[in-house]
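As stored in protein-v8.csv (CSV, C-alpha atoms and all ligand atoms):
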```
chain,number,residue,atom,x,y,z
A,26,MET,CA,17.1,8.2,63.8
A,27,ILE,CA,17.6,12.0,63.9
A,28,HIS,CA,14.7,14.2,62.7
A,29,VAL,CA,15.1,17.9,62.2
A,30,ARG,CA,12.0,20.2,62.3
A,31,PRO,CA,11.1,23.8,63.2
A,32,VAL,CA,10.7,24.4,66.9
A,33,SER,CA,7.1,24.0,68.1
A,34,ASP,CA,5.2,26.1,70.7
A,35,HIS,CA,5.8,23.6,73.5
A,36,ASP,CA,9.5,22.9,73.0
A,37,TRP,CA,11.2,26.3,73.3
A,38,ASP,CA,12.5,25.5,76.7
A,39,ALA,CA,13.9,22.1,75.7
A,40,SER,CA,15.5,23.5,72.6
A,41,ALA,CA,17.1,26.2,74.8
A,42,ARG,CA,18.3,23.6,77.2
A,43,ALA,CA,20.0,21.6,74.4
A,44,TYR,CA,21.7,24.8,73.1
A,45,SER,CA,22.8,25.9,76.5
A,46,ALA,CA,24.3,22.5,77.4
A,47,ALA,CA,26.6,23.1,74.4
A,48,HIS,CA,27.2,26.7,75.5
A,49,PRO,CA,27.2,26.6,79.3
A,50,GLN,CA,28.8,30.0,79.7
A,51,GLU,CA,26.3,31.8,77.4
A,52,PRO,CA,23.1,29.9,78.1
A,53,LEU,CA,19.8,31.0,76.6
A,54,SER,CA,16.3,30.4,78.0
A,55,GLY,CA,13.2,29.4,76.1
A,56,THR,CA,12.0,32.9,76.8
A,57,ASP,CA,15.1,34.4,75.1
A,58,LEU,CA,14.6,32.3,72.0
A,59,ARG,CA,10.9,33.0,71.7
A,60,LYS,CA,11.5,36.7,72.3
A,61,ARG,CA,14.2,36.8,69.6
A,62,GLN,CA,11.9,35.0,67.2
A,63,ARG,CA,9.0,37.4,67.9
A,64,GLU,CA,11.3,40.5,67.5
A,65,GLN,CA,12.7,39.2,64.2
A,66,GLN,CA,9.2,38.8,62.9
A,67,ASP,CA,8.1,42.3,64.1
A,68,TRP,CA,11.1,43.9,62.4
A,69,GLY,CA,10.5,42.1,59.1
A,70,TYR,CA,13.7,40.0,59.4
A,71,THR,CA,13.9,36.4,58.3
A,72,SER,CA,14.7,33.8,61.0
A,73,ALA,CA,13.8,30.3,62.2
A,74,THR,CA,14.7,28.0,65.1
A,75,LEU,CA,15.1,24.3,64.3
A,76,VAL,CA,15.4,21.4,66.6
A,77,ALA,CA,17.0,17.9,66.2
A,78,LEU,CA,15.1,15.1,67.8
A,79,ASP,CA,16.0,11.6,68.6
A,80,GLY,CA,12.6,10.0,69.2
A,81,PRO,CA,10.9,12.4,71.6
A,82,GLU,CA,14.2,13.9,72.9
A,83,ILE,CA,15.5,17.2,71.7
A,84,VAL,CA,19.2,16.7,71.3
A,85,GLY,CA,20.2,19.8,69.4
A,86,MET,CA,19.1,23.3,68.3
A,87,GLY,CA,20.0,25.4,65.2
A,88,ALA,CA,18.8,28.8,64.3
A,89,TYR,CA,19.3,31.5,61.7
A,90,PHE,CA,18.4,35.1,62.3
A,91,GLN,CA,19.5,38.6,61.4
A,92,ASN,CA,21.6,40.9,63.4
A,93,PRO,CA,19.8,44.2,64.3
A,94,GLY,CA,23.1,45.9,65.1
A,95,ALA,CA,24.6,45.0,61.6
A,96,TYR,CA,21.5,44.4,59.5
A,97,TYR,CA,22.0,43.5,55.9
A,98,PRO,CA,19.0,42.0,54.1
A,99,ARG,CA,20.8,38.8,52.9
A,100,ARG,CA,23.2,38.3,55.8
A,101,TYR,CA,22.4,35.9,58.6
A,102,VAL,CA,23.7,34.8,62.0
A,103,LEU,CA,23.6,31.2,63.2
A,104,ASP,CA,23.3,29.4,66.5
A,105,LEU,CA,24.1,25.8,66.7
A,106,GLY,CA,24.5,23.5,69.6
A,107,VAL,CA,24.2,19.7,70.3
A,108,LEU,CA,24.0,18.1,73.7
A,109,PRO,CA,27.6,17.4,74.7
A,110,GLN,CA,26.9,13.7,75.3
A,111,ARG,CA,25.4,13.5,71.8
A,112,GLN,CA,28.1,15.3,69.8
A,113,ARG,CA,30.0,13.6,67.0
A,114,GLN,CA,27.1,11.4,66.1
A,115,GLY,CA,25.9,13.4,63.0
A,116,ILE,CA,23.4,15.6,64.8
A,117,GLY,CA,25.1,18.9,64.1
A,118,GLY,CA,25.6,17.8,60.5
A,119,ALA,CA,21.9,17.2,60.2
A,120,LEU,CA,21.0,20.6,61.7
A,121,TRP,CA,23.5,22.3,59.4
A,122,LYS,CA,22.0,20.6,56.3
A,123,ALA,CA,18.6,22.0,57.2
A,124,LEU,CA,20.0,25.5,58.0
A,125,ASP,CA,22.0,25.5,54.8
A,126,ALA,CA,18.9,24.5,52.7
A,127,ALA,CA,16.8,27.2,54.3
A,128,LEU,CA,19.6,29.9,53.8
A,129,THR,CA,20.0,28.8,50.2
A,130,ALA,CA,16.2,29.1,49.7
A,131,HIS,CA,16.2,32.6,51.2
A,132,GLY,CA,19.0,33.7,48.8
A,133,ALA,CA,21.5,34.3,51.6
A,134,ASP,CA,24.7,36.1,50.8
A,135,SER,CA,26.4,34.9,53.9
A,136,ALA,CA,26.0,33.3,57.3
A,137,ARG,CA,28.1,33.9,60.4
A,138,ILE,CA,28.6,31.8,63.6
A,139,LEU,CA,30.8,32.1,66.6
A,140,ALA,CA,32.8,29.1,67.9
A,141,ARG,CA,35.4,28.7,70.6
A,142,GLU,CA,38.7,27.9,69.0
A,143,ASP,CA,39.5,25.3,71.6
A,144,HIS,CA,36.3,23.3,71.0
A,145,PRO,CA,37.3,19.8,69.9
A,146,THR,CA,34.8,19.6,67.1
A,147,ALA,CA,33.5,23.1,66.1
A,148,PRO,CA,36.4,24.6,64.2
A,149,GLY,CA,36.9,21.5,61.9
A,150,PHE,CA,33.1,21.0,61.6
A,151,LEU,CA,32.8,24.6,60.3
A,152,ALA,CA,35.9,24.5,58.1
A,153,ARG,CA,34.6,21.4,56.3
A,154,ARG,CA,31.3,23.2,55.6
A,155,GLY,CA,32.9,26.2,53.9
A,156,PHE,CA,33.2,28.5,56.9
A,157,VAL,CA,36.3,30.7,57.2
A,158,GLY,CA,37.5,32.1,60.5
A,159,GLY,CA,37.6,35.9,60.9
A,160,LYS,CA,37.6,38.2,63.9
A,161,ARG,CA,38.6,36.8,67.3
A,162,TYR,CA,36.8,37.7,70.5
A,163,PHE,CA,37.6,37.2,74.1
A,164,THR,CA,34.9,36.4,76.7
A,165,GLY,CA,35.9,36.7,80.3
A,166,ALA,CA,34.6,36.4,83.8
A,167,LEU,CA,35.0,38.5,87.0
A,168,ASP,CA,34.6,36.9,90.4
A,169,VAL,CA,32.4,39.6,91.9
A,170,ALA,CA,32.8,38.7,95.6
A,171,ALA,CA,36.6,38.6,95.2
A,172,PHE,CA,36.7,42.0,93.6
A,173,ASP,CA,38.4,44.7,95.7
A,174,PRO,CA,37.3,48.3,94.8
A,175,ALA,CA,39.8,49.9,97.2
A,176,PRO,CA,42.5,50.6,94.6
A,177,TYR,CA,40.1,52.6,92.5
A,178,ALA,CA,39.1,55.2,95.0
A,179,GLY,CA,41.5,57.7,93.4
A,180,VAL,CA,40.0,57.1,89.9
A,181,LEU,CA,36.5,57.8,91.2
A,182,GLN,CA,37.6,60.9,93.0
A,183,ALA,CA,39.4,62.2,89.9
A,184,ILE,CA,36.4,61.7,87.7
A,185,ALA,CA,34.1,63.3,90.2
A,186,ALA,CA,36.4,66.3,90.4
A,187,ARG,CA,35.9,66.8,86.7
A,188,GLY,CA,32.1,67.1,87.3
A,189,VAL,CA,31.1,63.7,86.0
A,190,GLN,CA,28.2,62.0,87.8
A,191,PHE,CA,27.1,58.3,87.6
A,192,LEU,CA,23.4,57.6,87.6
A,193,SER,CA,21.6,54.4,87.0
A,194,LEU,CA,18.6,54.0,84.8
A,195,SER,CA,16.6,53.6,88.0
A,196,ASP,CA,18.0,57.0,89.3
A,197,LEU,CA,17.3,58.7,86.0
A,198,ARG,CA,13.7,57.3,85.9
A,199,ALA,CA,13.1,58.3,89.5
A,200,ALA,CA,14.3,61.8,88.7
A,201,GLY,CA,11.8,62.0,85.9
A,202,THR,CA,14.6,62.8,83.4
A,203,PRO,CA,12.9,64.3,80.3
A,204,ASP,CA,13.3,62.5,76.9
A,205,LEU,CA,15.1,59.7,78.7
A,206,GLU,CA,14.6,56.9,76.2
A,207,ALA,CA,15.5,59.1,73.3
A,208,ARG,CA,18.7,60.3,75.1
A,209,LEU,CA,19.7,56.8,76.0
A,210,HIS,CA,19.1,55.7,72.4
A,211,ALA,CA,21.2,58.6,71.2
A,212,LEU,CA,24.1,57.8,73.6
A,213,MET,CA,24.1,54.1,72.6
A,214,SER,CA,23.9,55.0,68.9
A,215,ASP,CA,26.9,57.2,69.3
A,216,VAL,CA,29.2,55.0,71.4
A,217,ARG,CA,28.4,51.8,69.5
A,218,LEU,CA,29.9,53.1,66.2
A,219,ASP,CA,33.5,52.6,67.3
A,220,VAL,CA,33.1,49.1,68.7
A,221,PRO,CA,35.3,46.8,66.6
A,222,ARG,CA,33.0,44.2,65.1
A,223,SER,CA,32.9,41.7,62.3
A,224,GLU,CA,30.6,43.7,60.0
A,225,PRO,CA,30.1,47.5,60.0
A,226,ALA,CA,27.4,48.6,62.4
A,227,THR,CA,24.1,49.8,60.9
A,228,PRO,CA,21.9,52.4,62.6
A,229,LEU,CA,20.0,51.1,65.7
A,230,SER,CA,16.4,52.2,65.2
A,231,ALA,CA,14.4,53.5,68.2
A,232,GLN,CA,12.1,50.6,67.9
A,233,VAL,CA,15.0,48.0,68.1
A,234,PHE,CA,16.5,49.9,71.0
A,235,GLU,CA,13.2,50.0,72.9
A,236,GLU,CA,12.3,46.4,72.2
A,237,ALA,CA,15.7,44.6,72.3
A,238,VAL,CA,17.5,46.7,74.9
A,239,LEU,CA,15.1,48.6,77.2
A,240,GLY,CA,12.5,45.8,76.6
A,241,ASP,CA,14.8,43.0,77.6
A,242,PRO,CA,13.4,41.4,80.7
A,243,GLY,CA,17.0,40.8,81.8
A,244,LEU,CA,18.0,44.4,81.7
A,245,LEU,CA,18.9,45.5,85.3
A,246,PRO,CA,17.9,49.2,85.7
A,247,ASP,CA,20.2,49.7,88.6
A,248,ALA,CA,23.2,48.2,86.6
A,249,TYR,CA,22.5,50.3,83.5
A,250,VAL,CA,24.8,53.1,84.4
A,251,ILE,CA,25.1,56.4,82.7
A,252,ALA,CA,28.0,58.9,83.0
A,253,ARG,CA,26.7,62.5,82.9
A,254,HIS,CA,28.6,65.8,82.6
A,255,GLY,CA,26.3,68.8,83.0
A,256,HIS,CA,23.3,67.9,80.8
A,257,ASP,CA,25.3,65.6,78.5
A,258,PHE,CA,25.3,61.8,78.7
A,259,ILE,CA,28.9,60.9,78.0
A,260,GLY,CA,29.2,57.1,78.7
A,261,GLN,CA,27.3,54.0,79.6
A,262,THR,CA,27.6,50.4,80.7
A,263,VAL,CA,24.9,47.9,81.3
A,264,LEU,CA,24.4,44.4,82.8
A,265,PHE,CA,21.7,41.8,82.0
A,266,SER,CA,20.5,38.9,84.1
A,267,SER,CA,19.5,35.6,82.7
A,268,GLU,CA,16.6,33.3,83.6
A,269,VAL,CA,18.9,30.3,83.4
A,270,SER,CA,22.1,31.4,85.2
A,271,ASP,CA,23.0,33.6,88.1
A,272,THR,CA,25.8,35.2,86.0
A,273,LEU,CA,25.3,38.8,84.8
A,274,TYR,CA,26.2,39.6,81.2
A,275,THR,CA,27.7,42.9,80.1
A,276,GLY,CA,26.0,44.9,77.4
A,277,LEU,CA,27.7,47.8,75.7
A,278,THR,CA,30.3,49.8,77.6
A,279,GLY,CA,31.2,53.0,75.7
A,280,VAL,CA,32.3,56.6,76.2
A,281,THR,CA,31.8,59.4,73.8
A,282,ALA,CA,34.9,60.3,71.8
A,283,ALA,CA,35.7,63.6,73.6
A,284,TRP,CA,35.7,61.9,77.0
A,285,ARG,CA,37.9,58.9,76.3
A,286,GLY,CA,41.1,58.2,78.1
A,287,ARG,CA,40.1,59.8,81.4
A,288,GLY,CA,38.9,56.8,83.4
A,289,VAL,CA,35.1,57.2,82.6
A,290,ALA,CA,34.8,53.6,81.4
A,291,THR,CA,36.7,52.2,84.4
A,292,ALA,CA,34.4,54.2,86.7
A,293,LEU,CA,31.3,53.0,84.9
A,294,LYS,CA,32.5,49.4,85.3
A,295,LEU,CA,33.1,49.9,89.0
A,296,MET,CA,29.5,51.1,89.4
A,297,SER,CA,28.2,48.1,87.6
A,298,ILE,CA,30.3,45.8,89.7
A,299,ARG,CA,28.9,47.5,92.8
A,300,ALA,CA,25.4,46.8,91.4
A,301,ALA,CA,26.2,43.2,90.7
A,302,ARG,CA,27.4,42.8,94.3
A,303,ASN,CA,24.1,44.3,95.5
A,304,HIS,CA,22.3,41.7,93.4
A,305,GLY,CA,24.4,38.9,95.0
A,306,ALA,CA,25.6,37.8,91.6
A,307,PRO,CA,28.7,35.7,91.8
A,308,THR,CA,30.0,36.4,88.3
A,309,ILE,CA,30.0,39.1,85.6
A,310,ARG,CA,30.8,38.0,82.0
A,311,THR,CA,31.9,40.1,79.2
A,312,ASP,CA,32.8,39.8,75.5
A,313,ASN,CA,35.2,41.9,73.5
A,314,ALA,CA,36.8,41.8,70.1
A,315,SER,CA,40.5,40.8,70.4
A,316,ASP,CA,41.5,44.1,68.8
A,317,ASN,CA,39.5,46.2,71.3
A,318,ALA,CA,42.7,47.1,73.2
A,319,PRO,CA,41.3,49.8,75.5
A,320,MET,CA,38.3,47.7,76.7
A,321,LEU,CA,40.4,44.5,77.1
A,322,ALA,CA,43.0,46.5,79.1
A,323,ILE,CA,40.3,47.8,81.5
A,324,ASN,CA,38.8,44.4,81.9
A,325,ASP,CA,42.2,42.7,82.5
A,326,ARG,CA,43.0,45.3,85.1
A,327,LEU,CA,39.7,44.9,86.9
A,328,GLY,CA,40.4,41.2,87.1
A,329,PHE,CA,38.3,39.6,84.4
A,330,VAL,CA,39.8,36.3,83.5
A,331,ARG,CA,39.9,35.7,79.8
A,332,ASP,CA,38.6,32.5,78.2
A,333,PRO,CA,40.2,31.0,75.1
A,334,ALA,CA,39.3,33.0,72.0
A,335,SER,CA,36.0,32.7,70.1
A,336,VAL,CA,36.2,33.1,66.4
A,337,SER,CA,33.6,34.6,64.1
A,338,TYR,CA,33.3,32.1,61.2
A,339,LEU,CA,31.8,33.3,57.9
A,340,ARG,CA,30.2,31.2,55.1
A,341,VAL,CA,29.7,33.0,51.9
A,342,TYR,CA,27.0,31.8,49.4
B,401,LIG,C1,29.9,22.1,66.6
B,401,LIG,C2,28.7,21.2,66.9
B,401,LIG,C3,27.4,22.0,66.7
B,401,LIG,C4,28.8,20.0,66.0
B,401,LIG,O1,27.7,19.1,66.3
B,401,LIG,P1,27.9,17.5,66.3
B,401,LIG,O2,26.6,16.9,66.5
B,401,LIG,O3,29.0,17.2,67.1
B,401,LIG,O4,28.4,17.4,64.7
B,401,LIG,P2,28.5,16.1,63.8
B,401,LIG,O5,28.4,14.9,64.7
B,401,LIG,O6,27.5,16.2,62.8
B,401,LIG,O7,29.9,16.3,63.2
B,401,LIG,C5,31.0,16.4,64.0
B,401,LIG,C6,32.1,15.4,63.6
B,401,LIG,O8,31.9,14.3,64.3
B,401,LIG,C7,32.3,13.2,63.5
B,401,LIG,N1,31.2,12.2,63.4
B,401,LIG,C8,29.9,12.5,63.0
B,401,LIG,N2,29.1,11.4,63.0
B,401,LIG,C9,29.9,10.4,63.5
B,401,LIG,C10,29.6,9.1,63.8
B,401,LIG,N3,28.4,8.6,63.6
B,401,LIG,N4,30.6,8.4,64.3
B,401,LIG,C11,31.8,8.9,64.5
B,401,LIG,N5,32.2,10.2,64.2
B,401,LIG,C12,31.2,11.0,63.7
B,401,LIG,C13,32.8,13.7,62.2
B,401,LIG,O9,34.1,13.9,62.3
B,401,LIG,C14,32.0,15.0,62.1
B,401,LIG,O10,32.6,16.0,61.3
B,401,LIG,P3,32.2,16.0,59.7
B,401,LIG,O11,30.8,15.8,59.6
B,401,LIG,O12,32.7,17.4,59.3
B,401,LIG,O13,33.1,14.9,59.2
B,401,LIG,C15,28.7,20.6,68.4
B,401,LIG,O14,30.0,20.0,68.6
B,401,LIG,C16,28.5,21.6,69.4
B,401,LIG,O15,27.4,21.8,69.9
B,401,LIG,N6,29.6,22.3,69.9
B,401,LIG,C17,29.5,23.3,70.9
B,401,LIG,C18,28.8,24.5,70.5
B,401,LIG,C19,29.4,25.3,69.4
B,401,LIG,O16,30.6,25.5,69.3
B,401,LIG,N7,28.6,25.8,68.4
B,401,LIG,C20,28.9,26.7,67.5
B,401,LIG,C21,29.8,26.3,66.4
B,401,LIG,S1,29.2,25.1,65.3
```

As structure tokens, how would this structure be written, given the file I've shared?
Ligand SMILES: CC(C)(COP(=O)(O)OP(=O)(O)OC[C@H]1O[C@@H](n2cnc3c(N)ncnc32)[C@H](O)[C@@H]1OP(=O)(O)O)[C@@H](O)C(=O)NCCC(=O)NCCS
Amino acid sequence: MIHVRPVSDHDWDASARAYSAAHPQEPLSGTDLRKRQREQQDWGYTSATLVALDGPEIVGMGAYFQNPGAYYPRRYVLDLGVLPQRQRQGIGGALWKALDAALTAHGADSARILAREDHPTAPGFLARRGFVGGKRYFTGALDVAAFDPAPYAGVLQAIAARGVQFLSLSDLRAAGTPDLEARLHALMSDVRLDVPRSEPATPLSAQVFEEAVLGDPGLLPDAYVIARHGHDFIGQTVLFSSEVSDTLYTGLTGVTAAWRGRGVATALKLMSIRAARNHGAPTIRTDNASDNAPMLAINDRLGFVRDPASVSYLRVY
């Protein structure tokens, strides 16, 4: 008999394990889930994490929360995952019923969830529950050890000749860069505006930036790379580690409008690959909207191997 209830203090790790078994390439730790829940509360957002139990065993996890990068008071994002060996037994359906009831009670306008289009169950499961597929995304992985930086020596030289320097967050901190956090926040706020996404970006507050980005325990300060020209920060990329995987995950790569098309993003990614190699990480993963042609071109050229597309599904209330 399947029972769905809110996660309790002692089962964050088990709920993260159930979710991660269903999403092996983007696993979450109990710490990640708990941190998200705490942040959502701090920011005055509405969210909850639910678990499905079969007796004492956690066999699935569902969550609703709000997106700090595209925050609209009545719009939600969902996570849903069932242990692979327990899929197609009604567990996802039971979790969805509880999520749907909570969203209805909160007066939701819409809920969004990502699902791989090649998953045997997810697209049909969602379509039968009123979700409609929208924007497509490609995740992809780079084999760090196999990556050969040699062909890029010319790109790096050309960028250096234009006076662009590449400094990590560790370097910038060590140099005592004044107003560093505010400048990093300003750079991210600028470059994120042009990222193709399912819903228009809303401003990223300094609090959210400090807590969710700089305060992420997975942020790698030597792999948060800034391109600087004179005094100006003109581009960034960043890698995050995970407690439950040795893969590194790419945060936002972006270049300010005036500097696009000159190899700055390629150089930033080269620096982050170098940092990943120093960490001994076997893999870097990334995630881009299918219409983000420049970023996909850079990643393809660097050797990121694309997965089948993921689709952002929307359910309107
Ligand atoms: C998508 C996902 C959450 C669905 O969970 P699930 O537990 O497999 O879902 P259910 O068993 O409730 O339903 C799936 C289908 O299995 C079949 N099914 C359900 N119970 C069944 C049973 N007792 N006997 C036979 N078939 C059954 C039905 O076709 C059902 O679809 P329907 O309810 O729309 O008719 C799960 O497959 C998963 O974790 N996928 C990977 C993660 C993912 O993509 N998550 C995000 C997108 S949802």

Expressed in Å to a single decimal, how great is the separation between CA of Leu139 in chain A and CA of Leu53 in chain A? 14.9 Å

Within 8 Å of ligand LIG 401 (chain B), counting only C-alpha atoms and all ligand atoms, residues as a ChimeraX atom specification: /A:44,47-48,85,104-109,111-120,138-141,144-154

Taking only C-alpha atoms into account, name the residue in A:Arg42, A:Asp57, A:Ala171, A:Ile298 that is nearest to Pro242 in chain A.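 Among the listed residues, the smallest separation from Pro242 in chain A belongs to A:Asp57.
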
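Among the candidates A:His131, A:His304, A:Arg222, A:His35, the residue lying nearest to Leu273 in chain A is A:His304 (atoms considered: only C-alpha atoms).
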
Between A:Asp312, A:Ile27, A:Lys160, A:Tyr342, which residue has the minimum interatomic distance to Glu224 in chain A, considering all atoms listed in the file?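 Looking at the shortest contact to Glu224 in chain A, the residue is A:Lys160.
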
Closest of A:Gln62, A:Thr164, A:Thr202, A:Ser54 to Ser335 in chain A - atom-to-atom distances counting all atoms listed in the file: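 Answer, going by the shortest atom-to-atom distance: A:Thr164.
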
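Nearest residue to Glu51 in chain A, choosing from A:Phe265, A:Tyr89, A:Tyr249, A:Tyr177 and counting all atoms listed in the file: A:Phe265.
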
Tell me which protein, DNA and RNA residues are within 9 Å of Leu209 in chain A, counting all atoms listed in the file, leaving out same-chain ones fewer than 6 positions away, and put them as number ranges by chain. A: 251, 258, 261

Find, counting only C-alpha atoms, the residue in A:Ala314, A:Ala46, A:Leu103, A:Met26 that gets nearest to Ala73 in chain A.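 Of all the options, A:Leu103 lies closest to Ala73 in chain A.
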
Near Asn92 in chain A, within 9 Å and counting all atoms listed in the file, which residues show up once chain neighbours fewer than 6 positions away are dropped, as a PDB file with C-alpha atoms, in the frame of the given file?
```
ATOM      1  CA  TYR A  70      13.700  40.000  59.400  1.00  0.00           C
ATOM      2  CA  ARG A 100      23.200  38.300  55.800  1.00  0.00           C
ATOM      3  CA  TYR A 101      22.400  35.900  58.600  1.00  0.00           C
ATOM      4  CA  VAL A 102      23.700  34.800  62.000  1.00  0.00           C
TER       5      VAL A 102
END
```

Excluding Val330 in chain A and residues on its chain fewer than 5 positions from it, collect all residues at most 8 Å away from it, counting only C-alpha atoms, and give them as a ChimeraX atom specification. /A:165-167,325

Interatomic distance between CA of Ser40 in chain A and CA of Leu78 in chain A?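 Value for the CA of Ser40 in chain A-CA of Leu78 in chain A distance: 9.7 Å.
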
Excluding same-chain residues fewer than 2 positions from range 212-214 of chain A, what lies within 12 Å of it counting all atoms listed in the file, as number ranges by chain? A: 94, 205-210, 216-220, 226-231, 233-235, 238-239, 249-253, 257-263, 276-282

Just C-alpha atoms for this one: save the residues we selected as a PDB file, keeping the file's coordinate frame.
```pdb
ATOM      1  CA  GLY A  94      23.100  45.900  65.100  1.00  0.00           C
ATOM      2  CA  LEU A 205      15.100  59.700  78.700  1.00  0.00           C
ATOM      3  CA  GLU A 206      14.600  56.900  76.200  1.00  0.00           C
ATOM      4  CA  ALA A 207      15.500  59.100  73.300  1.00  0.00           C
ATOM      5  CA  ARG A 208      18.700  60.300  75.100  1.00  0.00           C
ATOM      6  CA  LEU A 209      19.700  56.800  76.000  1.00  0.00           C
ATOM      7  CA  HIS A 210      19.100  55.700  72.400  1.00  0.00           C
ATOM      8  CA  VAL A 216      29.200  55.000  71.400  1.00  0.00           C
ATOM      9  CA  ARG A 217      28.400  51.800  69.500  1.00  0.00           C
ATOM     10  CA  LEU A 218      29.900  53.100  66.200  1.00  0.00           C
ATOM     11  CA  ASP A 219      33.500  52.600  67.300  1.00  0.00           C
ATOM     12  CA  VAL A 220      33.100  49.100  68.700  1.00  0.00           C
ATOM     13  CA  ALA A 226      27.400  48.600  62.400  1.00  0.00           C
ATOM     14  CA  THR A 227      24.100  49.800  60.900  1.00  0.00           C
ATOM     15  CA  PRO A 228      21.900  52.400  62.600  1.00  0.00           C
ATOM     16  CA  LEU A 229      20.000  51.100  65.700  1.00  0.00           C
ATOM     17  CA  SER A 230      16.400  52.200  65.200  1.00  0.00           C
ATOM     18  CA  ALA A 231      14.400  53.500  68.200  1.00  0.00           C
ATOM     19  CA  VAL A 233      15.000  48.000  68.100  1.00  0.00           C
ATOM     20  CA  PHE A 234      16.500  49.900  71.000  1.00  0.00           C
ATOM     21  CA  GLU A 235      13.200  50.000  72.900  1.00  0.00           C
ATOM     22  CA  VAL A 238      17.500  46.700  74.900  1.00  0.00           C
ATOM     23  CA  LEU A 239      15.100  48.600  77.200  1.00  0.00           C
ATOM     24  CA  TYR A 249      22.500  50.300  83.500  1.00  0.00           C
ATOM     25  CA  VAL A 250      24.800  53.100  84.400  1.00  0.00           C
ATOM     26  CA  ILE A 251      25.100  56.400  82.700  1.00  0.00           C
ATOM     27  CA  ALA A 252      28.000  58.900  83.000  1.00  0.00           C
ATOM     28  CA  ARG A 253      26.700  62.500  82.900  1.00  0.00           C
ATOM     29  CA  ASP A 257      25.300  65.600  78.500  1.00  0.00           C
ATOM     30  CA  PHE A 258      25.300  61.800  78.700  1.00  0.00           C
ATOM     31  CA  ILE A 259      28.900  60.900  78.000  1.00  0.00           C
ATOM     32  CA  GLY A 260      29.200  57.100  78.700  1.00  0.00           C
ATOM     33  CA  GLN A 261      27.300  54.000  79.600  1.00  0.00           C
ATOM     34  CA  THR A 262      27.600  50.400  80.700  1.00  0.00           C
ATOM     35  CA  VAL A 263      24.900  47.900  81.300  1.00  0.00           C
ATOM     36  CA  GLY A 276      26.000  44.900  77.400  1.00  0.00           C
ATOM     37  CA  LEU A 277      27.700  47.800  75.700  1.00  0.00           C
ATOM     38  CA  THR A 278      30.300  49.800  77.600  1.00  0.00           C
ATOM     39  CA  GLY A 279      31.200  53.000  75.700  1.00  0.00           C
ATOM     40  CA  VAL A 280      32.300  56.600  76.200  1.00  0.00           C
ATOM     41  CA  THR A 281      31.800  59.400  73.800  1.00  0.00           C
ATOM     42  CA  ALA A 282      34.900  60.300  71.800  1.00  0.00           C
TER      43      ALA A 282
END
```

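CA of Leu264 in chain A is found 22.5 Å from CA of Pro176 in chain A.
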
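Taking all atoms listed in the file into account, the protein, DNA and RNA residues within 8 Å of (34.1, 45.2, 89.9) read Leu167, Val169, Phe172, Asp173, Pro174, Lys294, Leu295, Met296, Ser297, Ile298, Arg299, Leu327 and Gly328 of chain A.
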
Please put the answer as AutoDock Vina command-line options: centre and edge lengths, in Å with one decimal, of a box along x, y and z that encloses all listed atoms of range 111-120 of chain A plus 5 Å on each side.
```
--center_x 25.5 --center_y 16.0 --center_z 66.0 --size_x 19.0 --size_y 19.2 --size_z 21.6
```

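Excluding Ser223 in chain A itself and same-chain residues fewer than 6 positions from it, the residues having an atom within 10 Å of it are A:Ala95, A:Arg137, A:Gly159, A:Lys160, A:Arg161, A:Tyr162, A:Ala314, A:Ser337, A:Tyr338, A:Leu339, counting all atoms listed in the file.
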
List as a PyMOL selection string the residues having at least one atom at most 7 Å from position (18.5, 19.6, 60.5) as given in the file, counting all atoms listed in the file. chain A and resi 28-30+75+77+119-124
